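S.K.: What follows is upload10.txt, made up of compact mmCIF, C-alpha atoms:
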# COMPACT_ATOMS: atom_id res chain seq x y z
CA MET A 1 58.75 -53.46 175.70
CA LYS A 2 58.45 -54.76 179.28
CA HIS A 3 58.55 -52.56 182.34
CA ASP A 4 59.12 -53.47 185.96
CA ILE A 5 56.61 -51.67 188.11
CA LYS A 6 55.52 -51.63 191.73
CA LEU A 7 51.89 -51.25 192.61
CA ARG A 8 50.27 -51.04 196.00
CA VAL A 9 46.85 -52.58 195.54
CA ASN A 10 44.47 -52.68 198.51
CA GLY A 11 47.46 -52.34 200.83
CA ASP A 12 49.55 -55.14 199.29
CA VAL A 13 52.66 -54.29 197.29
CA TYR A 14 53.14 -56.16 194.01
CA ALA A 15 56.29 -56.15 191.88
CA LEU A 16 55.14 -56.79 188.35
CA ARG A 17 56.54 -57.00 184.86
CA VAL A 18 54.09 -55.46 182.41
CA ASP A 19 54.03 -54.83 178.71
CA SER A 20 53.79 -51.17 177.55
CA ARG A 21 50.36 -51.70 176.07
CA ARG A 22 48.69 -53.28 179.11
CA THR A 23 46.05 -51.17 180.80
CA LEU A 24 45.74 -50.98 184.56
CA LEU A 25 42.41 -52.83 184.19
CA GLU A 26 44.04 -55.76 182.37
CA VAL A 27 46.79 -56.02 184.95
CA LEU A 28 44.36 -55.94 187.88
CA ARG A 29 42.08 -58.56 186.38
CA GLU A 30 44.49 -60.83 184.52
CA GLN A 31 47.81 -60.57 186.36
CA LEU A 32 46.51 -60.06 189.88
CA GLY A 33 43.23 -61.95 189.51
CA LEU A 34 41.27 -59.06 191.02
CA THR A 35 38.18 -59.49 188.86
CA GLY A 36 35.96 -57.30 191.03
CA THR A 37 36.87 -54.37 188.79
CA LYS A 38 34.77 -54.91 185.68
CA GLU A 39 35.60 -54.61 182.03
CA MET A 40 32.55 -53.25 180.26
CA CYS A 41 32.75 -50.73 177.41
CA ASN A 42 36.54 -50.57 177.68
CA LYS A 43 36.53 -47.08 176.18
CA GLY A 44 35.95 -44.75 179.10
CA ASP A 45 32.20 -44.38 178.65
CA CYS A 46 30.62 -46.56 181.34
CA GLY A 47 32.67 -46.21 184.54
CA GLY A 48 32.54 -49.96 185.23
CA CYS A 49 36.32 -50.14 185.61
CA THR A 50 36.55 -47.29 188.14
CA VAL A 51 39.26 -47.69 190.77
CA ILE A 52 40.70 -45.18 193.23
CA LEU A 53 44.25 -44.19 192.36
CA ASP A 54 46.04 -42.09 194.98
CA GLY A 55 42.64 -40.89 196.22
CA ARG A 56 41.17 -40.05 192.80
CA ALA A 57 38.50 -42.04 190.99
CA VAL A 58 39.95 -43.02 187.60
CA LEU A 59 39.01 -45.27 184.70
CA SER A 60 41.43 -48.20 184.77
CA CYS A 61 40.65 -49.11 181.14
CA MET A 62 41.98 -45.76 179.96
CA MET A 63 45.22 -45.86 181.90
CA LEU A 64 48.43 -47.69 181.11
CA ALA A 65 49.59 -49.96 183.92
CA VAL A 66 53.13 -48.63 183.51
CA GLU A 67 51.82 -45.15 184.40
CA ALA A 68 50.46 -46.46 187.70
CA ASP A 69 53.99 -47.39 188.81
CA GLY A 70 54.57 -46.44 192.45
CA LYS A 71 50.95 -45.52 193.00
CA GLU A 72 48.34 -46.74 195.42
CA VAL A 73 45.27 -48.45 193.96
CA LEU A 74 42.07 -49.26 195.81
CA THR A 75 39.67 -51.70 194.16
CA ILE A 76 36.31 -53.08 195.31
CA GLU A 77 38.15 -56.02 196.89
CA GLY A 78 39.91 -53.63 199.27
CA LEU A 79 36.76 -52.11 200.73
CA ALA A 80 35.69 -54.71 203.26
CA GLU A 81 38.27 -53.93 205.88
CA ILE A 82 37.58 -56.39 208.64
CA GLY A 83 37.36 -59.93 207.36
CA TYR A 84 34.21 -60.41 205.38
CA GLN A 85 32.28 -57.57 206.97
CA LEU A 86 30.91 -55.40 204.18
CA HIS A 87 31.85 -51.75 203.84
CA PRO A 88 28.89 -49.44 204.69
CA LEU A 89 28.59 -48.60 200.97
CA GLN A 90 28.40 -52.28 199.99
CA LYS A 91 25.89 -52.96 202.74
CA ALA A 92 23.74 -49.97 201.77
CA PHE A 93 23.70 -51.10 198.12
CA VAL A 94 22.41 -54.51 199.23
CA ASP A 95 19.88 -53.08 201.70
CA HIS A 96 18.44 -50.53 199.25
CA GLY A 97 18.10 -52.84 196.27
CA ALA A 98 20.70 -50.75 194.44
CA ILE A 99 22.05 -53.91 192.83
CA GLN A 100 20.15 -55.56 190.02
CA CYS A 101 22.40 -57.52 187.67
CA GLY A 102 25.31 -56.18 189.70
CA TYR A 103 27.82 -55.75 186.91
CA CYS A 104 28.08 -51.98 187.23
CA THR A 105 28.07 -52.06 191.04
CA PRO A 106 31.82 -52.08 191.77
CA GLY A 107 32.26 -49.00 189.57
CA PHE A 108 29.42 -47.16 191.27
CA ILE A 109 30.72 -48.04 194.72
CA MET A 110 34.25 -46.88 193.93
CA SER A 111 32.92 -43.56 192.52
CA ALA A 112 30.83 -43.15 195.67
CA LYS A 113 33.79 -44.01 197.90
CA ALA A 114 35.95 -41.34 196.21
CA LEU A 115 33.15 -38.82 196.81
CA LEU A 116 32.58 -39.72 200.47
CA ASP A 117 36.32 -39.60 201.19
CA LYS A 118 36.26 -35.93 200.17
CA LYS A 119 32.69 -34.98 201.12
CA PRO A 120 31.26 -37.01 203.98
CA ASP A 121 27.90 -35.21 203.75
CA PRO A 122 27.07 -34.80 200.05
CA THR A 123 23.79 -33.45 198.65
CA PRO A 124 21.79 -35.66 196.24
CA ASP A 125 23.05 -33.45 193.40
CA GLU A 126 26.65 -33.96 194.43
CA ILE A 127 26.03 -37.71 194.52
CA LYS A 128 24.55 -37.61 191.02
CA GLU A 129 27.53 -35.62 189.80
CA ALA A 130 29.94 -38.11 191.41
CA ILE A 131 28.31 -41.09 189.68
CA SER A 132 27.80 -39.30 186.36
CA SER A 133 30.58 -41.40 184.87
CA ASN A 134 28.82 -44.66 185.73
CA ILE A 135 26.15 -46.33 183.65
CA CYS A 136 23.63 -48.86 184.98
CA ARG A 137 21.71 -50.51 182.15
CA CYS A 138 19.21 -51.96 184.61
CA THR A 139 18.61 -48.23 185.27
CA GLY A 140 18.20 -48.43 189.03
CA TYR A 141 19.69 -45.01 189.63
CA ILE A 142 17.28 -43.80 192.33
CA GLN A 143 18.12 -46.69 194.64
CA ILE A 144 21.82 -46.12 194.01
CA VAL A 145 21.59 -42.47 195.07
CA GLU A 146 19.54 -43.49 198.13
CA ALA A 147 22.09 -46.16 199.04
CA ILE A 148 24.96 -43.69 198.85
CA GLU A 149 23.03 -41.20 201.00
CA ALA A 150 22.35 -43.92 203.59
CA ALA A 151 25.98 -45.08 203.58
CA ALA A 152 27.18 -41.50 204.01
CA LYS A 153 24.91 -41.14 207.00
CA GLU A 154 26.14 -44.36 208.56
CA MET A 155 29.79 -43.52 207.95
CA ARG A 156 29.38 -40.09 209.53
CA GLY A 157 27.75 -41.70 212.55
CA ALA A 158 30.54 -44.23 212.87
CA THR A 159 33.28 -41.64 213.15
CA MET B 1 34.93 -48.43 162.78
CA THR B 2 36.31 -51.49 164.55
CA TYR B 3 36.95 -51.07 168.22
CA TYR B 4 39.55 -53.44 169.60
CA ARG B 5 39.48 -54.31 173.26
CA ARG B 6 43.27 -54.42 173.45
CA LEU B 7 45.76 -51.72 172.66
CA PRO B 8 48.13 -52.25 169.74
CA THR B 9 51.79 -52.97 170.37
CA PHE B 10 54.03 -49.98 171.14
CA ASP B 11 56.98 -49.06 173.29
CA TYR B 12 56.33 -46.67 176.16
CA LEU B 13 58.88 -43.94 176.83
CA ALA B 14 58.88 -41.87 180.00
CA PRO B 15 60.95 -38.67 179.70
CA LYS B 16 61.60 -36.77 182.93
CA SER B 17 62.29 -33.31 181.52
CA ILE B 18 61.30 -31.08 178.61
CA SER B 19 64.78 -31.46 177.07
CA GLU B 20 64.41 -35.25 177.21
CA VAL B 21 61.07 -34.90 175.40
CA SER B 22 62.78 -32.79 172.72
CA SER B 23 65.51 -35.32 172.19
CA LEU B 24 62.97 -38.16 171.95
CA ILE B 25 61.02 -36.22 169.31
CA GLU B 26 64.29 -35.70 167.43
CA GLN B 27 65.24 -39.36 167.77
CA TYR B 28 61.92 -40.89 166.72
CA LYS B 29 60.70 -38.16 164.34
CA GLY B 30 57.11 -39.06 163.36
CA GLY B 31 57.26 -42.40 165.17
CA GLY B 32 56.12 -41.15 168.55
CA ARG B 33 52.80 -40.06 170.00
CA PHE B 34 52.34 -37.97 173.12
CA LEU B 35 50.22 -39.40 175.91
CA ALA B 36 48.80 -36.93 178.43
CA GLY B 37 45.72 -37.97 180.43
CA GLY B 38 44.99 -40.86 178.08
CA THR B 39 41.20 -40.61 177.98
CA ILE B 40 41.16 -39.80 174.27
CA VAL B 41 44.51 -41.06 172.99
CA LEU B 42 44.08 -44.60 174.37
CA HIS B 43 40.51 -44.64 173.04
CA GLN B 44 41.79 -43.69 169.59
CA MET B 45 44.55 -46.27 169.75
CA LYS B 46 42.00 -48.97 170.54
CA GLU B 47 40.25 -47.83 167.37
CA ARG B 48 43.68 -48.06 165.68
CA ILE B 49 43.72 -44.33 164.98
CA GLY B 50 47.04 -42.55 165.20
CA VAL B 51 48.96 -45.67 166.21
CA ARG B 52 52.73 -45.11 166.40
CA PRO B 53 55.55 -47.45 167.41
CA TYR B 54 56.38 -45.22 170.39
CA VAL B 55 54.20 -43.57 173.00
CA ILE B 56 55.82 -40.68 174.86
CA GLY B 57 54.18 -40.46 178.30
CA LEU B 58 54.26 -36.92 179.67
CA LYS B 59 53.05 -37.63 183.22
CA GLY B 60 56.59 -37.84 184.61
CA VAL B 61 57.92 -34.65 182.99
CA ALA B 62 58.94 -32.33 185.81
CA GLY B 63 57.11 -29.03 186.14
CA LEU B 64 54.45 -29.61 183.47
CA ASP B 65 51.55 -29.69 185.92
CA THR B 66 52.17 -26.57 187.99
CA ILE B 67 49.60 -23.82 188.45
CA ALA B 68 50.91 -20.42 189.54
CA PHE B 69 49.74 -16.82 189.66
CA VAL B 70 51.99 -13.77 189.52
CA LYS B 71 50.37 -10.34 189.51
CA SER B 72 52.41 -8.95 186.63
CA ALA B 73 52.20 -11.99 184.36
CA GLY B 74 48.88 -13.50 185.34
CA LEU B 75 48.11 -17.17 185.61
CA THR B 76 50.40 -19.87 184.28
CA ILE B 77 48.96 -23.36 184.01
CA GLY B 78 51.13 -26.29 182.95
CA SER B 79 49.75 -28.34 180.08
CA MET B 80 49.70 -31.49 182.23
CA ALA B 81 47.61 -29.91 185.00
CA ARG B 82 44.63 -32.20 185.44
CA LEU B 83 41.24 -30.66 184.68
CA GLN B 84 39.95 -31.33 188.19
CA ASN B 85 43.03 -29.67 189.68
CA VAL B 86 42.42 -26.59 187.52
CA ALA B 87 38.76 -26.54 188.61
CA ASP B 88 39.73 -26.89 192.30
CA SER B 89 42.77 -24.59 192.27
CA VAL B 90 42.42 -21.63 194.62
CA GLU B 91 44.65 -19.56 192.31
CA VAL B 92 42.44 -20.28 189.30
CA LYS B 93 39.18 -19.75 191.18
CA ARG B 94 40.39 -16.43 192.56
CA ASN B 95 42.01 -15.03 189.42
CA CYS B 96 40.19 -16.70 186.58
CA PRO B 97 36.90 -18.21 187.76
CA LEU B 98 35.78 -18.73 184.15
CA LEU B 99 38.45 -21.35 183.54
CA ALA B 100 37.66 -23.09 186.84
CA THR B 101 33.98 -23.23 185.85
CA VAL B 102 34.72 -24.59 182.38
CA CYS B 103 37.08 -27.29 183.65
CA GLY B 104 34.59 -28.23 186.39
CA LEU B 105 31.78 -28.71 183.86
CA LEU B 106 33.79 -30.84 181.47
CA GLY B 107 32.99 -34.56 181.28
CA THR B 108 32.70 -36.55 184.49
CA PRO B 109 34.79 -36.74 187.70
CA GLN B 110 36.82 -39.64 186.31
CA ILE B 111 37.53 -37.81 183.05
CA ARG B 112 38.54 -34.66 184.94
CA ASN B 113 40.73 -36.69 187.30
CA MET B 114 42.63 -38.07 184.33
CA GLY B 115 42.35 -35.56 181.50
CA THR B 116 44.66 -32.58 181.31
CA LEU B 117 44.22 -29.00 180.14
CA GLY B 118 46.92 -29.38 177.49
CA GLY B 119 45.52 -32.68 176.29
CA ASN B 120 42.04 -31.23 175.91
CA VAL B 121 43.47 -28.53 173.65
CA ALA B 122 46.14 -30.51 171.80
CA ILE B 123 43.77 -33.28 170.72
CA ARG B 124 42.27 -30.80 168.23
CA PHE B 125 38.65 -31.70 168.72
CA SER B 126 36.22 -28.96 167.73
CA THR B 127 34.40 -30.03 170.89
CA SER B 128 37.33 -29.09 173.14
CA GLU B 129 35.60 -27.20 175.93
CA THR B 130 38.60 -25.44 177.37
CA LEU B 131 39.57 -23.91 174.03
CA PRO B 132 36.74 -21.30 173.79
CA ALA B 133 37.52 -20.14 177.33
CA LEU B 134 41.25 -19.86 176.65
CA ILE B 135 40.53 -17.93 173.44
CA ALA B 136 38.10 -15.60 175.22
CA LEU B 137 40.68 -15.01 177.96
CA ARG B 138 43.27 -14.14 175.29
CA ALA B 139 45.55 -16.78 176.69
CA GLU B 140 48.91 -17.63 175.18
CA ALA B 141 50.58 -21.00 174.94
CA LYS B 142 54.26 -21.88 175.17
CA LEU B 143 55.41 -24.41 172.62
CA VAL B 144 58.67 -26.31 172.35
CA ALA B 145 59.72 -27.87 169.07
CA ALA B 146 63.16 -28.97 167.91
CA GLY B 147 64.78 -27.18 170.84
CA ASP B 148 63.08 -23.88 170.00
CA GLU B 149 60.70 -22.18 172.37
CA ARG B 150 57.82 -20.00 171.19
CA VAL B 151 54.83 -18.30 172.71
CA VAL B 152 51.73 -18.03 170.51
CA THR B 153 48.16 -16.97 171.17
CA VAL B 154 45.80 -19.87 171.82
CA GLU B 155 43.60 -18.48 169.04
CA ASP B 156 46.39 -19.22 166.54
CA LEU B 157 47.54 -22.40 168.22
CA TYR B 158 46.16 -24.85 165.69
CA LYS B 159 47.76 -22.92 162.84
CA GLU B 160 51.10 -22.85 164.65
CA MET B 161 51.24 -26.28 166.22
CA LYS B 162 52.76 -28.90 163.96
CA GLY B 163 53.52 -32.53 164.73
CA GLY B 164 56.30 -33.02 167.26
CA THR B 165 55.50 -29.81 169.11
CA LEU B 166 55.22 -30.03 172.89
CA LEU B 167 52.64 -27.79 174.49
CA VAL B 168 54.31 -26.63 177.71
CA ASP B 169 51.91 -24.24 179.41
CA PHE B 170 49.16 -21.66 179.09
CA ARG B 171 49.49 -18.07 180.23
CA VAL B 172 46.28 -16.27 181.07
CA PRO B 173 46.76 -12.52 181.54
CA ALA B 174 45.38 -10.96 184.73
CA LEU B 175 41.91 -9.57 184.10
CA PRO B 176 41.34 -5.85 184.71
CA LEU B 177 38.68 -4.63 187.13
CA GLY B 178 35.24 -4.43 185.54
CA THR B 179 35.72 -7.68 183.66
CA GLY B 180 32.77 -10.03 183.38
CA ALA B 181 32.82 -13.58 182.11
CA GLY B 182 30.22 -16.09 181.06
CA TYR B 183 30.19 -19.65 179.78
CA GLU B 184 27.40 -21.67 178.30
CA LYS B 185 27.49 -25.17 176.87
CA PHE B 186 24.96 -27.31 175.07
CA ALA B 187 25.42 -31.06 175.38
CA VAL B 188 23.13 -34.04 174.88
CA ARG B 189 23.73 -35.23 178.43
CA GLU B 190 24.67 -32.21 180.48
CA ARG B 191 26.99 -33.96 182.92
CA PHE B 192 28.70 -36.36 180.59
CA ASP B 193 28.91 -35.44 176.93
CA TYR B 194 31.20 -33.20 175.00
CA ALA B 195 29.69 -29.81 174.33
CA THR B 196 27.96 -29.95 170.96
CA VAL B 197 28.41 -26.21 170.91
CA ALA B 198 29.70 -23.83 173.57
CA ALA B 199 30.57 -20.18 174.03
CA ALA B 200 32.86 -18.38 176.45
CA VAL B 201 32.64 -14.61 176.76
CA VAL B 202 35.01 -12.20 178.49
CA VAL B 203 33.80 -8.60 178.53
CA HIS B 204 35.28 -5.38 179.91
CA LEU B 205 32.53 -3.00 180.96
CA ASP B 206 32.60 0.65 181.84
CA GLY B 207 29.27 1.06 183.56
CA LYS B 208 26.90 -0.34 180.95
CA THR B 209 29.22 0.37 178.01
CA CYS B 210 31.11 -2.49 176.43
CA LYS B 211 34.75 -1.39 176.18
CA ASP B 212 36.11 -4.68 174.95
CA ILE B 213 34.81 -8.20 174.41
CA THR B 214 36.14 -11.57 173.26
CA ILE B 215 33.87 -14.45 172.33
CA GLY B 216 35.38 -17.93 172.01
CA LEU B 217 33.30 -20.60 170.27
CA GLY B 218 33.18 -24.35 170.85
CA GLY B 219 31.87 -26.92 168.39
CA VAL B 220 33.08 -24.95 165.40
CA THR B 221 36.25 -25.44 163.39
CA LEU B 222 38.71 -23.14 161.66
CA PRO B 223 38.97 -20.64 159.99
CA SER B 224 37.79 -18.95 163.18
CA MET B 225 36.83 -20.11 166.65
CA ARG B 226 36.08 -16.54 167.64
CA ALA B 227 32.88 -14.61 166.93
CA LYS B 228 34.63 -11.50 165.62
CA ALA B 229 31.60 -9.96 163.88
CA ALA B 230 29.61 -10.21 167.12
CA GLU B 231 32.50 -8.65 169.06
CA ASP B 232 32.58 -5.69 166.63
CA ILE B 233 28.86 -5.06 167.08
CA MET B 234 29.21 -5.08 170.87
CA LYS B 235 32.26 -2.83 171.19
CA GLY B 236 31.43 0.72 172.24
CA GLN B 237 27.73 -0.06 172.63
CA THR B 238 25.56 0.35 175.67
CA VAL B 239 24.74 -3.23 176.58
CA THR B 240 21.08 -4.09 176.25
CA ARG B 241 19.27 -7.34 175.51
CA ASP B 242 18.55 -6.11 171.97
CA VAL B 243 22.20 -5.35 171.22
CA ILE B 244 23.21 -8.75 172.59
CA ARG B 245 20.62 -10.51 170.40
CA LYS B 246 21.75 -8.58 167.32
CA ALA B 247 25.39 -9.48 168.01
CA ALA B 248 24.58 -13.14 168.71
CA GLU B 249 22.84 -13.43 165.33
CA THR B 250 26.24 -12.98 163.65
CA ALA B 251 28.04 -15.47 165.92
CA THR B 252 28.40 -18.20 163.34
CA GLU B 253 29.80 -16.10 160.52
CA GLY B 254 33.46 -17.02 161.01
CA GLY B 255 33.65 -20.73 161.75
CA HIS B 256 32.38 -23.95 160.25
CA THR B 257 30.10 -26.40 161.95
CA THR B 258 29.98 -30.01 160.87
CA ALA B 259 27.13 -32.48 161.12
CA ASP B 260 27.47 -35.45 163.47
CA VAL B 261 25.25 -38.42 164.30
CA MET B 262 23.06 -36.29 166.51
CA PHE B 263 22.77 -32.89 164.82
CA SER B 264 23.03 -31.25 161.42
CA ALA B 265 25.53 -28.45 160.84
CA GLU B 266 22.61 -26.04 160.35
CA TYR B 267 21.02 -26.96 163.69
CA LYS B 268 24.33 -26.48 165.49
CA LYS B 269 24.56 -22.97 164.08
CA LYS B 270 21.10 -22.14 165.37
CA VAL B 271 21.91 -23.46 168.85
CA LEU B 272 25.27 -21.69 168.83
CA LYS B 273 23.53 -18.34 168.43
CA VAL B 274 21.40 -19.05 171.49
CA VAL B 275 24.40 -20.24 173.46
CA VAL B 276 26.39 -17.10 172.56
CA GLU B 277 23.45 -14.90 173.56
CA ARG B 278 23.14 -16.61 176.95
CA ALA B 279 26.88 -16.44 177.61
CA MET B 280 26.91 -12.73 176.76
CA LYS B 281 23.98 -12.10 179.10
CA LYS B 282 25.80 -13.94 181.88
CA ALA B 283 29.03 -12.04 181.27
CA THR B 284 27.38 -8.62 181.23
CA GLY B 285 24.80 -9.34 183.93
CA THR B 286 22.04 -8.30 181.51
Do you think you could lay out the structure here as structure tokens?
M.R.:
Amino acid sequence: MKHDIKLRVNGDVYALRVDSRRTLLEVLREQLGLTGTKEMCNKGDCGGCTVILDGRAVLSCMMLAVEADGKEVLTIEGLAEIGYQLHPLQKAFVDHGAIQCGYCTPGFIMSAKALLDKKPDPTPDEIKEAISSNICRCTGYIQIVEAIEAAAKEMRGAT
Amino acid sequence: MTYYRRLPTFDYLAPKSISEVSSLIEQYKGGGRFLAGGTIVLHQMKERIGVRPYVIGLKGVAGLDTIAFVKSAGLTIGSMARLQNVADSVEVKRNCPLLATVCGLLGTPQIRNMGTLGGNVAIRFSTSETLPALIALRAEAKLVAAGDERVVTVEDLYKEMKGGTLLVDFRVPALPLGTGAGYEKFAVRERFDYATVAAAVVVHLDGKTCKDITIGLGGVTLPSMRAKAAEDIMKGQTVTRDVIRKAAETATEGGHTTADVMFSAEYKKKVLKVVVERAMKKATGT
């Protein structure tokens, strides 16, 4: 069964025809070509496919695209607001060596973004809790927590 | 078990009201499967477990996600209320902090942002973490099946809930003054995994005397998810660490534990006793 849905992704509205069984992840990557959101375990264990849906961090592999109809999705591609200037979180990940192979990075950054939107000044424990859904097999977790702390600081200073 | 990266073929149906859900159940009989938060059902479907030709999405059903408190009736939480919303709800925190704690400790932010209270119960996992709390709180659940409405205790829910039954809401009675509550879970990774075993305790104290107590167990299966023998030992007693230990020793008498890849059934029973003891200490402030 096909469904006509409307999605607002990174500010752009898309009218799409999707099959019932398509996940939000598949539609983002395959229909919209937004491959920044990664497909990893594809079963809700690794957090690699995390996107922000109406302000909440969700796993796009465990959500049907048809259920995202009318909703607002933010992916890693939507973070850099002005041209190619990196978002403070992206920049902090680069500066702190929080990226190794980089495959898990978009998921971590989206989890961190959802946290900082709600709590601009999180404690290290709150950061760990916020990224508890994300797995980095290069295991560079310390640098990731440090990067999020640094980004939070910069974002607070900027406002 | 083969895990497929794509979902199988099905038709998605999006009812807008409880009566529309009822008529879809009637129309498709056993051919439909409910979809709440999706974190478990879609996972199972990718494993080709419980695949049906129709998926009935409940996210658009009006009124299924409301959380409300009325003094006379207590707390009513719709089955589609997301776990994070239950954990954050001012009404829940104020009137039933135990449930807010349990929902806040379950899984990860993403899972809580997607998963629902009703889904966590209806999936019938022995590892459901909200179930012990709802049992300990003596909550009731409203069910709708074939146009009929019924209210049953959560303790008896799995005996009462047959296929094609919609779980509408949970009703948690207001707790009297002097009520203490405690929750303890044991998981491999504290912030991520299902509770291997868990215990939720709600106790009514008169000074140091235990007037009434309910102990809900997680990680065990029917016949009982309640530590009734332990409750009987506690009732009427002056609460001391010794009494609590003696009661906790009997905690595993009613339910079954099953072995999994990590732990044997016997080990789970041993840990469950410790978990029950800690939860009772928390609840009684001992």
S.K.: Which residues are close to Asp88 of chain B, i.e. within 10 Å by all atoms listed in the file, leaving aside same-chain residues fewer than 6 positions away? Reply as a PyMOL selection string.
M.R.: chain B and resi 82+100-101+103-104
S.K.: Can you write just those residues out, C-alpha atoms, as a CSV table (one decimal), keeping the file's coordinate frame?
M.R.:
chain,number,residue,atom,x,y,z
B,82,ARG,CA,44.6,-32.2,185.4
B,100,ALA,CA,37.7,-23.1,186.8
B,101,THR,CA,34.0,-23.2,185.8
B,103,CYS,CA,37.1,-27.3,183.6
B,104,GLY,CA,34.6,-28.2,186.4
S.K.: Using only C-alpha atoms, which of the listed residues (A:Ala147, A:Val58, A:Val9, A:Leu32) sits closest to Lys91 of chain A?
M.R.: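 Going through A:Ala147, A:Val58, A:Val9, A:Leu32 one by one, the smallest distance to Lys91 of chain A is for A:Ala147.
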S.K.: Given the choices A:Thr123, A:Ser60, A:Asn10, A:Gln100, which gets closest to Gly48 of chain A if the distance is worked out from all atoms listed in the file?
M.R.: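 Using all atoms listed in the file, the shortest distance to Gly48 of chain A belongs to A:Ser60.
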S.K.: Which residue out of B:Thr221, B:Thr2, B:Gln44, B:Ser22 has the minimum interatomic distance to Gly255 of chain B when all atoms listed in the file are used?
M.R.: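 With all atoms listed in the file as the atom set, the closest residue is B:Thr221.
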S.K.: If we count only C-alpha atoms and set the cut-off at 7 Å, which residues sit around segment 69-75 of chain B, ignoring sequence neighbours fewer than 3 positions away in its own chain? Please answer as a PyMOL selection string.
M.R.: chain B and resi 91+171-174
S.K.: Pick out the chain A residues within 7 Å of chain B. Count all atoms listed in the file. Give them as a PyMOL selection string.
M.R.: chain A and resi 1+20-21+42-44+56-59+62-63+130+132-133
S.K.: Atom CA of Ile123 of chain B and atom CA of Gly216 of chain B, how far apart in Å?
M.R.: 17.5 Å
S.K.: Quick one: everything within 12 Å of Ala80 of chain A, counting only C-alpha atoms, minus sequence neighbours fewer than 4 positions away in the same chain. Send it as a list in words.
M.R.: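 Close residues of Ala80 of chain A: Asn10, Leu74, Thr75, Ile76, Tyr84, Gln85, Leu86, His87, Pro88, Leu89, Gln90, Lys91 and Ile109 of chain A.
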S.K.: Okay, now the selection with C-alpha atoms, as a PDB file, in the coordinates of the input?
M.R.:
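In the end it all went to selection_19.pdb:
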ATOM      1  CA  ASN A  10      44.470 -52.680 198.510  1.00  0.00           C
ATOM      2  CA  LEU A  74      42.070 -49.260 195.810  1.00  0.00           C
ATOM      3  CA  THR A  75      39.670 -51.700 194.160  1.00  0.00           C
ATOM      4  CA  ILE A  76      36.310 -53.080 195.310  1.00  0.00           C
ATOM      5  CA  TYR A  84      34.210 -60.410 205.380  1.00  0.00           C
ATOM      6  CA  GLN A  85      32.280 -57.570 206.970  1.00  0.00           C
ATOM      7  CA  LEU A  86      30.910 -55.400 204.180  1.00  0.00           C
ATOM      8  CA  HIS A  87      31.850 -51.750 203.840  1.00  0.00           C
ATOM      9  CA  PRO A  88      28.890 -49.440 204.690  1.00  0.00           C
ATOM     10  CA  LEU A  89      28.590 -48.600 200.970  1.00  0.00           C
ATOM     11  CA  GLN A  90      28.400 -52.280 199.990  1.00  0.00           C
ATOM     12  CA  LYS A  91      25.890 -52.960 202.740  1.00  0.00           C
ATOM     13  CA  ILE A 109      30.720 -48.040 194.720  1.00  0.00           C
TER      14      ILE A 109
END
S.K.: Counting all atoms listed in the file, which residue out of A:Gly47, A:Gly36, A:Gly140, A:Gly157 sits closest to Gly97 of chain A?
M.R.: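 Using all atoms listed in the file, the shortest distance to Gly97 of chain A belongs to A:Gly140.
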S.K.: Could you pull the residues within 7 Å of segment 136-152 of chain B, counting only C-alpha atoms, minus those fewer than 5 positions along the same chain, as a PyMOL selection string?
M.R.: chain B and resi 22+26+157+164-173+200-202+214-216
S.K.: Please indicate the distance in Å from atom CA of Leu117 of chain B to atom CA of Glu129 of chain B, rounded to one decimal place.
M.R.: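 Atom CA of Leu117 of chain B sits 9.8 Å away from atom CA of Glu129 of chain B.
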